[in-house]
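Novice: Structure file start13.tsv (TSV, C-alpha atoms) right here:
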chain	number	residue	atom	x	y	z
A	116	MET	CA	7.40	40.54	-45.83
A	117	LYS	CA	9.93	37.83	-46.48
A	118	ASN	CA	10.71	37.79	-42.74
A	119	ILE	CA	7.18	36.73	-41.99
A	120	ILE	CA	6.51	34.24	-44.74
A	121	LYS	CA	9.63	32.14	-44.44
A	122	PRO	CA	9.42	31.37	-40.68
A	123	THR	CA	5.70	30.72	-41.04
A	124	LEU	CA	6.26	28.20	-43.78
A	125	ILE	CA	9.04	26.47	-41.87
A	126	LEU	CA	6.96	26.23	-38.73
A	127	LEU	CA	4.08	24.91	-40.82
A	128	LEU	CA	6.38	22.33	-42.37
A	129	ILE	CA	7.61	21.14	-38.98
A	130	CYS	CA	4.02	20.94	-37.70
A	131	VAL	CA	2.97	18.92	-40.73
A	132	ILE	CA	5.88	16.53	-40.33
A	133	SER	CA	5.22	16.03	-36.60
A	134	SER	CA	1.50	15.53	-37.17
A	135	ALA	CA	2.17	13.06	-39.97
A	136	ILE	CA	4.58	11.03	-37.80
A	137	LEU	CA	2.17	11.04	-34.89
A	138	SER	CA	-0.92	10.13	-36.86
A	139	VAL	CA	0.80	7.21	-38.61
A	140	LEU	CA	2.18	5.98	-35.31
A	141	TYR	CA	-1.17	6.44	-33.59
A	142	SER	CA	-3.11	4.41	-36.09
A	143	ASN	CA	-0.48	1.67	-35.97
A	144	THR	CA	-0.22	1.43	-32.20
A	145	LYS	CA	-3.88	1.94	-31.31
A	146	PRO	CA	-5.08	-1.63	-31.99
A	147	ILE	CA	-2.10	-3.06	-30.09
A	148	ILE	CA	-2.66	-0.74	-27.13
A	149	GLU	CA	-6.35	-1.64	-27.05
A	150	GLN	CA	-5.54	-5.33	-27.19
A	151	ASN	CA	-3.09	-4.92	-24.30
A	152	GLN	CA	-5.69	-3.10	-22.26
A	153	LYS	CA	-8.29	-5.76	-22.98
A	154	GLU	CA	-5.90	-8.45	-21.78
A	155	ASN	CA	-5.08	-6.42	-18.69
A	156	ILE	CA	-8.75	-6.17	-17.81
A	157	GLU	CA	-9.31	-9.89	-18.40
A	158	ASN	CA	-6.36	-10.70	-16.17
A	159	ALA	CA	-7.62	-8.30	-13.52
A	160	ARG	CA	-11.03	-9.96	-13.60
A	161	LYS	CA	-9.44	-13.34	-12.97
A	162	ALA	CA	-7.19	-11.87	-10.26
A	163	VAL	CA	-10.06	-10.51	-8.18
A	164	LEU	CA	-12.09	-13.74	-8.43
A	165	PRO	CA	-9.46	-16.50	-8.22
A	166	ASP	CA	-12.03	-19.32	-8.13
A	167	ALA	CA	-13.40	-18.45	-11.54
A	168	VAL	CA	-12.03	-19.66	-14.86
A	169	LYS	CA	-10.62	-16.91	-17.05
A	170	ASP	CA	-12.62	-17.53	-20.22
A	171	LYS	CA	-15.85	-18.42	-18.45
A	172	PHE	CA	-16.84	-14.90	-17.46
A	173	VAL	CA	-20.25	-13.83	-18.70
A	174	ALA	CA	-21.10	-10.18	-19.19
A	175	VAL	CA	-24.37	-8.99	-17.78
A	176	ASP	CA	-25.96	-5.95	-19.29
A	177	VAL	CA	-28.21	-4.59	-16.62
A	178	ASN	CA	-30.27	-2.73	-19.16
A	179	ASN	CA	-31.47	-6.07	-20.54
A	180	VAL	CA	-31.98	-7.69	-17.17
A	181	GLU	CA	-34.87	-5.42	-16.31
A	182	GLU	CA	-36.53	-4.62	-19.55
A	183	GLY	CA	-38.84	-1.67	-19.58
A	184	GLU	CA	-37.31	-0.05	-16.53
A	185	GLU	CA	-35.72	3.31	-16.94
A	186	ARG	CA	-32.08	2.46	-16.54
A	187	PHE	CA	-30.66	4.14	-19.58
A	188	ILE	CA	-28.50	6.42	-17.46
A	189	ARG	CA	-26.06	3.62	-16.77
A	190	ASP	CA	-23.29	2.42	-19.05
A	191	SER	CA	-24.06	-0.63	-21.13
A	192	ILE	CA	-22.15	-3.61	-19.68
A	193	MET	CA	-22.36	-3.41	-15.94
A	194	PHE	CA	-20.75	-6.48	-14.45
A	195	TYR	CA	-19.47	-9.97	-15.13
A	196	LYS	CA	-20.48	-13.30	-13.63
A	197	GLY	CA	-17.63	-15.70	-12.86
A	198	TYR	CA	-17.98	-19.48	-13.16
A	199	ASN	CA	-15.66	-22.26	-12.00
A	200	GLU	CA	-14.60	-25.37	-13.96
A	201	ASP	CA	-17.92	-27.12	-13.23
A	202	GLY	CA	-19.94	-24.19	-14.52
A	203	LYS	CA	-21.02	-23.14	-11.05
A	204	LEU	CA	-21.44	-19.43	-10.28
A	205	VAL	CA	-18.69	-18.32	-7.91
A	206	GLY	CA	-19.10	-14.55	-7.82
A	207	PHE	CA	-19.26	-11.28	-9.67
A	208	THR	CA	-16.74	-8.70	-10.85
A	209	PHE	CA	-17.32	-5.08	-11.68
A	210	GLN	CA	-15.26	-2.04	-12.56
A	211	THR	CA	-15.58	1.26	-10.85
A	212	ALA	CA	-13.80	4.60	-11.00
A	213	GLY	CA	-13.35	7.53	-8.67
A	214	GLN	CA	-11.65	10.90	-8.92
A	215	GLY	CA	-8.41	10.75	-6.99
A	216	TYR	CA	-5.69	13.33	-6.60
A	217	SER	CA	-4.62	13.34	-10.23
A	218	SER	CA	-6.74	15.53	-12.48
A	219	SER	CA	-5.82	13.68	-15.66
A	220	ALA	CA	-7.05	10.19	-14.82
A	221	GLU	CA	-9.51	8.59	-12.46
A	222	VAL	CA	-8.55	5.71	-10.23
A	223	LYS	CA	-10.10	2.61	-11.81
A	224	THR	CA	-10.64	-0.45	-9.68
A	225	MET	CA	-11.68	-4.01	-10.49
A	226	VAL	CA	-13.70	-5.55	-7.68
A	227	GLY	CA	-14.53	-9.22	-7.09
A	228	ILE	CA	-17.60	-10.06	-4.99
A	229	ASP	CA	-18.19	-13.56	-3.61
A	230	LEU	CA	-21.60	-15.18	-3.19
A	231	ASN	CA	-21.87	-13.95	0.42
A	232	MET	CA	-21.76	-10.39	-0.92
A	233	LYS	CA	-18.33	-9.77	0.58
A	234	ILE	CA	-15.32	-8.39	-1.27
A	235	GLU	CA	-13.15	-11.23	-2.53
A	236	LYS	CA	-10.29	-9.09	-3.81
A	237	ILE	CA	-9.73	-5.79	-5.53
A	238	THR	CA	-7.07	-4.61	-7.93
A	239	ILE	CA	-6.30	-1.16	-9.28
A	240	ILE	CA	-6.34	-1.25	-13.08
A	241	GLN	CA	-5.57	2.37	-13.83
A	242	GLN	CA	-4.24	5.28	-11.80
A	243	GLN	CA	-1.98	8.29	-12.19
A	244	GLU	CA	-1.68	9.22	-8.55
A	245	THR	CA	1.44	10.78	-7.03
A	246	PRO	CA	4.35	8.31	-7.19
A	247	GLY	CA	5.37	7.23	-3.71
A	248	LEU	CA	2.12	8.38	-2.13
A	249	GLY	CA	-1.21	7.72	-3.85
A	250	ALA	CA	0.41	5.41	-6.38
A	251	ASN	CA	0.98	2.99	-3.51
A	252	CYS	CA	-2.67	2.04	-3.94
A	253	VAL	CA	-1.60	-0.63	-6.44
A	254	ASN	CA	0.36	-2.50	-3.76
A	255	PRO	CA	-1.18	-5.66	-2.27
A	256	GLU	CA	-0.60	-4.17	1.19
A	257	PHE	CA	-3.32	-1.69	0.37
A	258	THR	CA	-5.70	-3.77	-1.75
A	259	ARG	CA	-5.64	-6.51	0.90
A	260	ARG	CA	-7.39	-4.13	3.31
A	261	PHE	CA	-10.63	-4.62	1.37
A	262	THR	CA	-10.77	-8.42	1.42
A	263	GLU	CA	-13.70	-9.93	3.37
A	264	LYS	CA	-15.23	-6.49	3.93
A	265	ASP	CA	-18.88	-5.77	3.32
A	266	PRO	CA	-18.72	-3.45	0.29
A	267	ALA	CA	-21.88	-1.59	1.28
A	268	GLY	CA	-20.30	-0.53	4.57
A	269	ILE	CA	-16.72	0.40	3.73
A	270	LYS	CA	-15.46	3.84	4.64
A	271	VAL	CA	-12.04	5.48	5.03
A	272	ASP	CA	-10.79	5.59	8.63
A	273	LYS	CA	-10.53	9.39	8.46
A	274	ASP	CA	-14.29	9.39	7.77
A	275	GLY	CA	-14.90	7.08	10.72
A	276	GLY	CA	-14.80	3.86	8.72
A	277	ASN	CA	-12.91	0.59	8.55
A	278	ILE	CA	-10.43	1.11	5.68
A	279	GLU	CA	-7.01	2.23	6.85
A	280	SER	CA	-5.86	5.01	4.51
A	281	ILE	CA	-2.54	5.09	2.65
A	282	THR	CA	0.02	7.29	4.37
A	283	GLY	CA	-0.24	10.78	2.91
A	284	ALA	CA	-2.90	9.76	0.40
A	285	THR	CA	-6.29	9.95	2.04
A	286	ILE	CA	-7.83	11.34	-1.14
A	287	THR	CA	-6.74	8.31	-3.18
A	288	THR	CA	-7.98	5.92	-0.50
A	289	ARG	CA	-11.28	7.75	-0.38
A	290	ALA	CA	-11.63	7.64	-4.18
A	291	VAL	CA	-11.13	3.86	-4.22
A	292	THR	CA	-13.31	3.16	-1.19
A	293	ASN	CA	-16.22	5.38	-2.10
A	294	SER	CA	-16.27	4.31	-5.75
A	295	ILE	CA	-16.48	0.64	-4.71
A	296	ARG	CA	-19.21	1.30	-2.19
A	297	ASP	CA	-21.36	3.44	-4.47
A	298	LYS	CA	-21.12	1.05	-7.41
A	299	PHE	CA	-21.88	-1.95	-5.21
A	300	VAL	CA	-24.95	-0.32	-3.68
A	301	GLU	CA	-26.13	0.44	-7.19
A	302	LEU	CA	-25.61	-3.14	-8.38
A	303	GLN	CA	-26.40	-5.30	-5.34
A	304	ASP	CA	-30.03	-6.00	-6.26
A	305	ASP	CA	-28.92	-7.23	-9.67
A	306	PHE	CA	-26.35	-9.54	-8.06
A	307	LYS	CA	-29.06	-11.04	-5.87
A	308	LYS	CA	-31.35	-11.52	-8.84
A	309	GLN	CA	-28.60	-13.31	-10.72
A	310	MET	CA	-28.03	-15.65	-7.79
A	311	GLN	CA	-31.73	-16.49	-7.45
A	312	GLY	CA	-31.90	-17.12	-11.17
A	313	GLY	CA	-29.79	-20.25	-10.65
A	314	GLY	CA	-26.60	-18.71	-11.85
A	315	LYS	CA	-27.24	-19.04	-15.57
B	117	MET	CA	35.81	22.95	-24.59
B	118	LYS	CA	36.98	19.38	-24.55
B	119	PRO	CA	34.43	16.63	-25.24
B	120	VAL	CA	35.10	15.01	-21.87
B	121	ALA	CA	34.36	18.26	-20.08
B	122	GLU	CA	31.06	18.59	-21.97
B	123	PHE	CA	30.07	15.22	-20.56
B	124	THR	CA	31.23	15.68	-16.97
B	125	LYS	CA	30.01	19.25	-16.45
B	126	GLY	CA	26.42	18.06	-16.01
B	127	ILE	CA	27.28	15.74	-13.17
B	128	LEU	CA	28.43	18.23	-10.56
B	129	LYS	CA	29.75	21.54	-11.90
B	130	GLU	CA	26.55	22.40	-13.78
B	131	ASN	CA	24.26	19.87	-12.18
B	132	PRO	CA	20.79	20.60	-13.56
B	133	VAL	CA	18.95	20.28	-10.25
B	134	PHE	CA	21.40	21.50	-7.62
B	135	VAL	CA	23.27	24.18	-9.55
B	136	MET	CA	21.01	25.34	-12.37
B	137	ALA	CA	17.77	24.62	-10.45
B	138	LEU	CA	16.16	23.19	-13.57
B	139	GLY	CA	13.61	20.43	-13.64
B	140	LEU	CA	12.70	21.04	-10.02
B	141	CYS	CA	9.06	20.11	-10.59
B	142	PRO	CA	9.75	16.45	-11.44
B	143	ALA	CA	12.59	16.41	-8.92
B	144	LEU	CA	10.12	17.32	-6.18
B	145	ALA	CA	7.37	15.05	-7.40
B	146	VAL	CA	9.08	11.74	-8.05
B	147	SER	CA	11.89	11.65	-5.52
B	148	THR	CA	9.79	9.78	-2.96
B	149	SER	CA	11.51	6.49	-3.69
B	150	VAL	CA	14.80	5.49	-5.33
B	151	GLU	CA	12.95	3.27	-7.79
B	152	ASN	CA	10.89	6.20	-9.07
B	153	ALA	CA	14.00	8.37	-9.24
B	154	ILE	CA	15.78	5.88	-11.49
B	155	GLY	CA	12.70	5.55	-13.70
B	156	MET	CA	12.27	9.28	-14.12
B	157	GLY	CA	16.00	9.81	-14.61
B	158	ALA	CA	16.19	7.17	-17.33
B	159	ALA	CA	13.12	8.46	-19.15
B	160	ALA	CA	14.31	12.09	-19.03
B	161	THR	CA	17.83	11.12	-20.15
B	162	PHE	CA	16.39	9.31	-23.14
B	163	VAL	CA	14.25	12.27	-24.18
B	164	VAL	CA	16.98	14.89	-23.69
B	165	LEU	CA	19.33	12.70	-25.74
B	166	CYS	CA	16.91	12.41	-28.64
B	167	SER	CA	15.82	16.04	-28.59
B	168	ASN	CA	19.44	17.27	-28.47
B	169	LEU	CA	20.29	14.96	-31.36
B	170	ILE	CA	17.44	16.13	-33.60
B	171	ILE	CA	17.79	19.81	-32.72
B	172	SER	CA	21.52	19.85	-33.38
B	173	LEU	CA	20.77	18.28	-36.77
B	174	ILE	CA	18.09	20.78	-37.83
B	175	LYS	CA	19.49	23.89	-36.12
B	176	ASN	CA	20.64	25.53	-39.36
B	177	PHE	CA	17.27	25.06	-40.95
B	178	ILE	CA	15.28	26.81	-38.20
B	179	PRO	CA	15.05	30.62	-38.34
B	180	ASP	CA	16.07	32.32	-35.10
B	181	LYS	CA	12.68	33.95	-34.54
B	182	ILE	CA	10.69	30.76	-34.28
B	183	ARG	CA	13.24	28.52	-32.63
B	184	ILE	CA	11.41	28.11	-29.32
B	185	PRO	CA	8.11	26.86	-30.82
B	186	CYS	CA	10.13	24.57	-33.07
B	187	TYR	CA	12.04	23.07	-30.13
B	188	ILE	CA	8.84	22.57	-28.19
B	189	LEU	CA	7.25	20.83	-31.17
B	190	VAL	CA	10.23	18.52	-31.58
B	191	ILE	CA	10.27	17.67	-27.86
B	192	ALA	CA	6.51	17.16	-27.61
B	193	THR	CA	6.47	15.00	-30.73
B	194	PHE	CA	9.27	12.93	-29.36
B	195	VAL	CA	7.69	12.44	-25.96
B	196	THR	CA	4.43	11.34	-27.60
B	197	VAL	CA	6.29	8.92	-29.87
B	198	VAL	CA	8.03	7.39	-26.86
B	199	ASP	CA	4.73	7.18	-24.98
B	200	MET	CA	2.80	5.45	-27.76
B	201	THR	CA	5.58	3.06	-28.80
B	202	MET	CA	6.25	2.02	-25.22
B	203	ASN	CA	2.55	1.56	-24.54
B	204	ALA	CA	2.14	-0.71	-27.56
B	205	TYR	CA	5.31	-2.78	-27.52
B	206	LEU	CA	6.60	-2.65	-23.94
B	207	PRO	CA	3.49	-2.55	-21.75
B	208	PRO	CA	5.23	-3.59	-18.49
B	209	LEU	CA	7.82	-0.82	-18.86
B	210	HIS	CA	5.09	1.63	-19.79
B	211	LYS	CA	3.19	0.67	-16.69
B	212	SER	CA	6.11	1.55	-14.43
B	213	LEU	CA	7.38	4.59	-16.38
B	214	GLY	CA	4.09	5.77	-17.90
B	215	ILE	CA	3.42	8.18	-15.07
B	216	PHE	CA	6.70	10.03	-15.74
B	217	ILE	CA	6.09	10.67	-19.41
B	218	PRO	CA	3.66	13.57	-18.98
B	219	LEU	CA	6.10	14.99	-16.43
B	220	ILE	CA	8.93	14.97	-18.99
B	221	VAL	CA	7.06	17.44	-21.18
B	222	VAL	CA	7.12	19.98	-18.37
B	223	ASN	CA	10.78	19.34	-17.62
B	224	CYS	CA	12.43	22.63	-18.55
B	225	LEU	CA	15.82	20.90	-18.44
B	226	ILE	CA	15.14	19.50	-21.89
B	227	LEU	CA	14.15	22.82	-23.45
B	228	CYS	CA	17.12	24.46	-21.74
B	229	ARG	CA	19.61	22.01	-23.27
B	230	ALA	CA	18.02	22.48	-26.68
B	231	GLU	CA	18.22	26.26	-26.45
B	232	ALA	CA	21.53	26.64	-24.63
B	233	PHE	CA	23.53	23.83	-26.14
B	234	ALA	CA	22.15	21.79	-29.02
B	235	SER	CA	21.24	24.85	-31.07
B	236	LYS	CA	24.84	26.08	-30.94
B	237	ASN	CA	26.89	22.87	-31.15
B	238	GLY	CA	27.36	19.87	-33.36
B	239	VAL	CA	25.77	16.46	-33.08
B	240	GLY	CA	28.61	14.71	-31.20
B	241	LEU	CA	28.97	17.36	-28.51
B	242	SER	CA	25.19	17.63	-28.15
B	243	ILE	CA	24.95	13.91	-27.47
B	244	LEU	CA	27.70	14.11	-24.84
B	245	ASP	CA	26.01	17.12	-23.26
B	246	ALA	CA	22.67	15.28	-23.15
B	247	LEU	CA	24.22	12.17	-21.60
B	248	GLY	CA	26.03	14.22	-18.95
B	249	MET	CA	22.98	16.29	-18.12
B	250	GLY	CA	20.77	13.22	-18.03
B	251	LEU	CA	23.19	11.44	-15.74
B	252	GLY	CA	23.47	14.51	-13.49
B	253	PHE	CA	19.68	14.76	-13.30
B	254	THR	CA	19.38	11.05	-12.47
B	255	LEU	CA	22.07	11.23	-9.79
B	256	ALA	CA	20.44	14.30	-8.26
B	257	LEU	CA	17.07	12.54	-8.14
B	258	ILE	CA	18.64	9.43	-6.61
B	259	SER	CA	20.43	11.42	-3.92
B	260	ILE	CA	17.24	13.25	-2.94
B	261	ALA	CA	15.22	10.04	-3.09
B	262	THR	CA	17.72	8.14	-0.94
B	263	PHE	CA	17.21	10.59	1.92
B	264	ARG	CA	13.46	10.69	1.51
B	265	GLU	CA	12.92	6.97	1.13
B	266	ILE	CA	15.11	5.99	4.09
B	267	LEU	CA	13.62	8.61	6.40
B	268	GLY	CA	10.06	8.39	5.12
B	269	SER	CA	9.58	4.67	4.63
B	270	GLY	CA	12.62	3.08	6.27
B	271	THR	CA	13.51	1.36	3.00
B	272	PHE	CA	16.03	1.64	0.17
B	273	LEU	CA	14.93	0.38	-3.26
B	274	ASN	CA	11.96	-1.21	-1.47
B	275	MET	CA	14.28	-3.23	0.78
B	276	ARG	CA	13.82	-2.61	4.48
B	277	ILE	CA	17.06	-1.27	5.94
B	278	LEU	CA	15.85	0.33	9.14
B	279	PRO	CA	14.39	-1.95	11.83
B	280	GLN	CA	10.65	-2.56	11.84
B	281	SER	CA	10.39	-0.58	15.09
B	282	TYR	CA	11.47	2.60	13.27
B	283	LYS	CA	8.49	4.89	12.94
B	284	PRO	CA	8.68	6.45	9.46
B	285	MET	CA	9.03	10.20	9.32
B	286	ILE	CA	6.05	10.74	7.08
B	287	MET	CA	6.95	14.34	6.39
B	288	ALA	CA	9.98	13.18	4.39
B	289	ILE	CA	7.83	11.64	1.66
B	290	LEU	CA	5.36	14.53	1.65
B	291	PRO	CA	6.12	17.65	-0.43
B	292	PRO	CA	7.77	19.61	2.43
B	293	GLY	CA	10.32	16.81	2.78
B	294	ALA	CA	11.32	17.34	-0.84
B	295	PHE	CA	11.83	21.08	-0.33
B	296	PHE	CA	13.91	20.54	2.79
B	297	THR	CA	16.07	17.88	1.18
B	298	ILE	CA	16.69	19.82	-2.01
B	299	GLY	CA	17.49	22.96	0.00
B	300	LEU	CA	19.95	21.17	2.26
B	301	LEU	CA	21.68	19.38	-0.61
B	302	MET	CA	21.93	22.60	-2.64
B	303	GLY	CA	23.48	24.35	0.35
B	304	LEU	CA	25.93	21.51	0.83
B	305	ILE	CA	27.02	21.64	-2.80
B	306	ASN	CA	27.46	25.43	-2.64
B	307	LEU	CA	29.56	25.01	0.49
B	308	LEU	CA	31.79	22.45	-1.21
B	309	LYS	CA	32.15	24.69	-4.27
B	310	LYS	CA	33.18	27.65	-2.12
B	311	LYS	CA	35.93	25.65	-0.48
B	312	ASP	CA	37.51	24.81	-3.84
So, in terms of structure tokens, how does the structure I just supplied come out?
Specialist:
Amino acid sequence: MKNIIKPTLILLLICVISSAILSVLYSNTKPIIEQNQKENIENARKAVLPDAVKDKFVAVDVNNVEEGEERFIRDSIMFYKGYNEDGKLVGFTFQTAGQGYSSSAEVKTMVGIDLNMKIEKITIIQQQETPGLGANCVNPEFTRRFTEKDPAGIKVDKDGGNIESITGATITTRAVTNSIRDKFVELQDDFKKQMQGGGK
Amino acid sequence: MKPVAEFTKGILKENPVFVMALGLCPALAVSTSVENAIGMGAAATFVVLCSNLIISLIKNFIPDKIRIPCYILVIATFVTVVDMTMNAYLPPLHKSLGIFIPLIVVNCLILCRAEAFASKNGVGLSILDALGMGLGFTLALISIATFREILGSGTFLNMRILPQSYKPMIMAILPPGAFFTIGLLMGLINLLKKKD
């Protein structure tokens, strides 16, 4: 009997100690980690729309734009409008995500759209793709391939499209490309409405 | 055994990747570029050092029957601590090493050192063993990655060393390239050992 109780208690003790350490550390680091992530996203927003001023982005909640319409399926904040120093609308940014090769995290992309409805720039804000292959999607050599493209018409070259895929990482390329296209198609009418509305 | 020997045995004689065939999963996955190899090697060395240290300290307290779950708990706790602390206070480092942290948990090298060495030896020797093993693991990753990066991308540490006209051998950075390289290097080391 003693052989069972003693190891059990010791294992319990070690579990309690580890959980205590982790929970204290988690509650201490969580606000800092969230703050870091918020800053990352703000920087990414500025990076994909270089003409806009960093603290002049305005969030647009599509659910409020079209009141009464059944759009509850979407997430709350859908995209941001970017303004320059003079308060003039210069474009839109939105986030999108697609399932890449890694099962633990989606590939999240920040996309900047100019007023001609072309891609200004994109940047990858989160990914856990294979290092050396899919993880190369963060490099400017890859993200540059999207600039000036019509987001509604982009496709991976293996699917007969105009985006050259990353060597050995077609799945990652496809995740990025398709997630941008699908999200843009979903949002493009709202972008147009915002532009007709005078930009404010 | 002498302390110096405990340190140096991990580098070639008992190299974790080439001789003991431990930690092959991360060795295959992250040896596509030298930069990744150094990152993974450093992160794994740090974790094996800390887990060896703690396990050699608490080894007398842990009953034999439940030692494996205890070691796994200590290692997993430690990896999570490293992950959260790095994410909060060193975000740039976390961004470049973050991908390797989940891979460290599955690195059987760390559990092996805990079970085979730290649970039987004192703190000082355990630290030397961890440093040697970590260094051996890092060197093994770098040697695999050097082959794969030069052949597969024509670069070394992201610097172009082969002329632009060189057409990269894509297979080298794909998984088969890792198997071929590890196999050839293992064979080479066995050959050298036989000659001694």
Novice: May I ask you to extract the residues of chain B within 10 Å of chain A, using only C-alpha atoms, and to give them as a ChimeraX atom specification?
Specialist: /B:145-153,177-183,185-186,189-190,192-194,196-197,200-207,211,214-216,265,269,286-287,289-291
Novice: List the neighbours of A:Glu157 out to 12 Å using only C-alpha atoms; skip same-chain residues closer than 2 positions along the sequence, and give me the result as a count of residues only.
Specialist: 28
Novice: Calculate how many Å separate atom CA of B:Lys283 from atom CA of B:Leu301, rounding to one decimal.
Specialist: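 About the pair atom CA of B:Lys283 and atom CA of B:Leu301: they are 23.8 Å apart.
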Novice: Could you check how far atom CA of A:Thr258 sits from atom CA of A:Ala220, in Å to one decimal?
Specialist: 19.2 Å
Novice: May I have the residues within 10 Å of B:Pro119 as a list in words, using all atoms listed in the file and disregarding those fewer than 2 positions away in the same chain?
Specialist: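 Counting all atoms listed in the file, the residues come to Met117, Ala121, Glu122, Phe123, Thr124, Gly240, Leu241, Ser242, Leu244 and Asp245 of chain B.
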Novice: Box for stretch 207-218 of chain A: with edges along x, y and z, all listed atoms inside and 3 Å added on each side, what are the centre and edge lengths in Å to one decimal, as lines of an AutoDock Vina configuration file?
Specialist:
center_x = -11.9
center_y = 2.1
center_z = -9.6
size_x = 20.6
size_y = 32.8
size_z = 12.0
Novice: Atom CA of B:Lys129 to atom CA of B:Lys309: how many Å, to one decimal?
Specialist: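 It comes out at 8.6 Å.
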Novice: Show which residues sit within 8 Å of stretch 246-262 of chain B, as JSON, numbers by chain. Count all atoms listed in the file, and ignore same-chain residues fewer than 3 positions away.
Specialist: {"B": [122, 123, 124, 125, 126, 127, 128, 131, 132, 133, 134, 143, 147, 148, 149, 150, 153, 154, 156, 157, 158, 160, 161, 162, 164, 165, 168, 229, 242, 243, 265, 266, 272, 294, 297, 298, 301]}
Novice: Compare A:Ser280, A:Asn199, A:Thr287, A:Gln309 by their minimum atom-to-atom distance to A:Gly213, counting only C-alpha atoms, and give me the closest one.
Specialist: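 Counting only C-alpha atoms, the residue closest to A:Gly213 is A:Thr287.
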Novice: Residues proximal to (-22.4, -15.2, -3.4) were defined as those with any atom within 7 Å of that point in the file's coordinates, counting all atoms listed in the file. Which are they, as a PyMOL selection string?
Specialist: chain A and resi 205-206+229-232
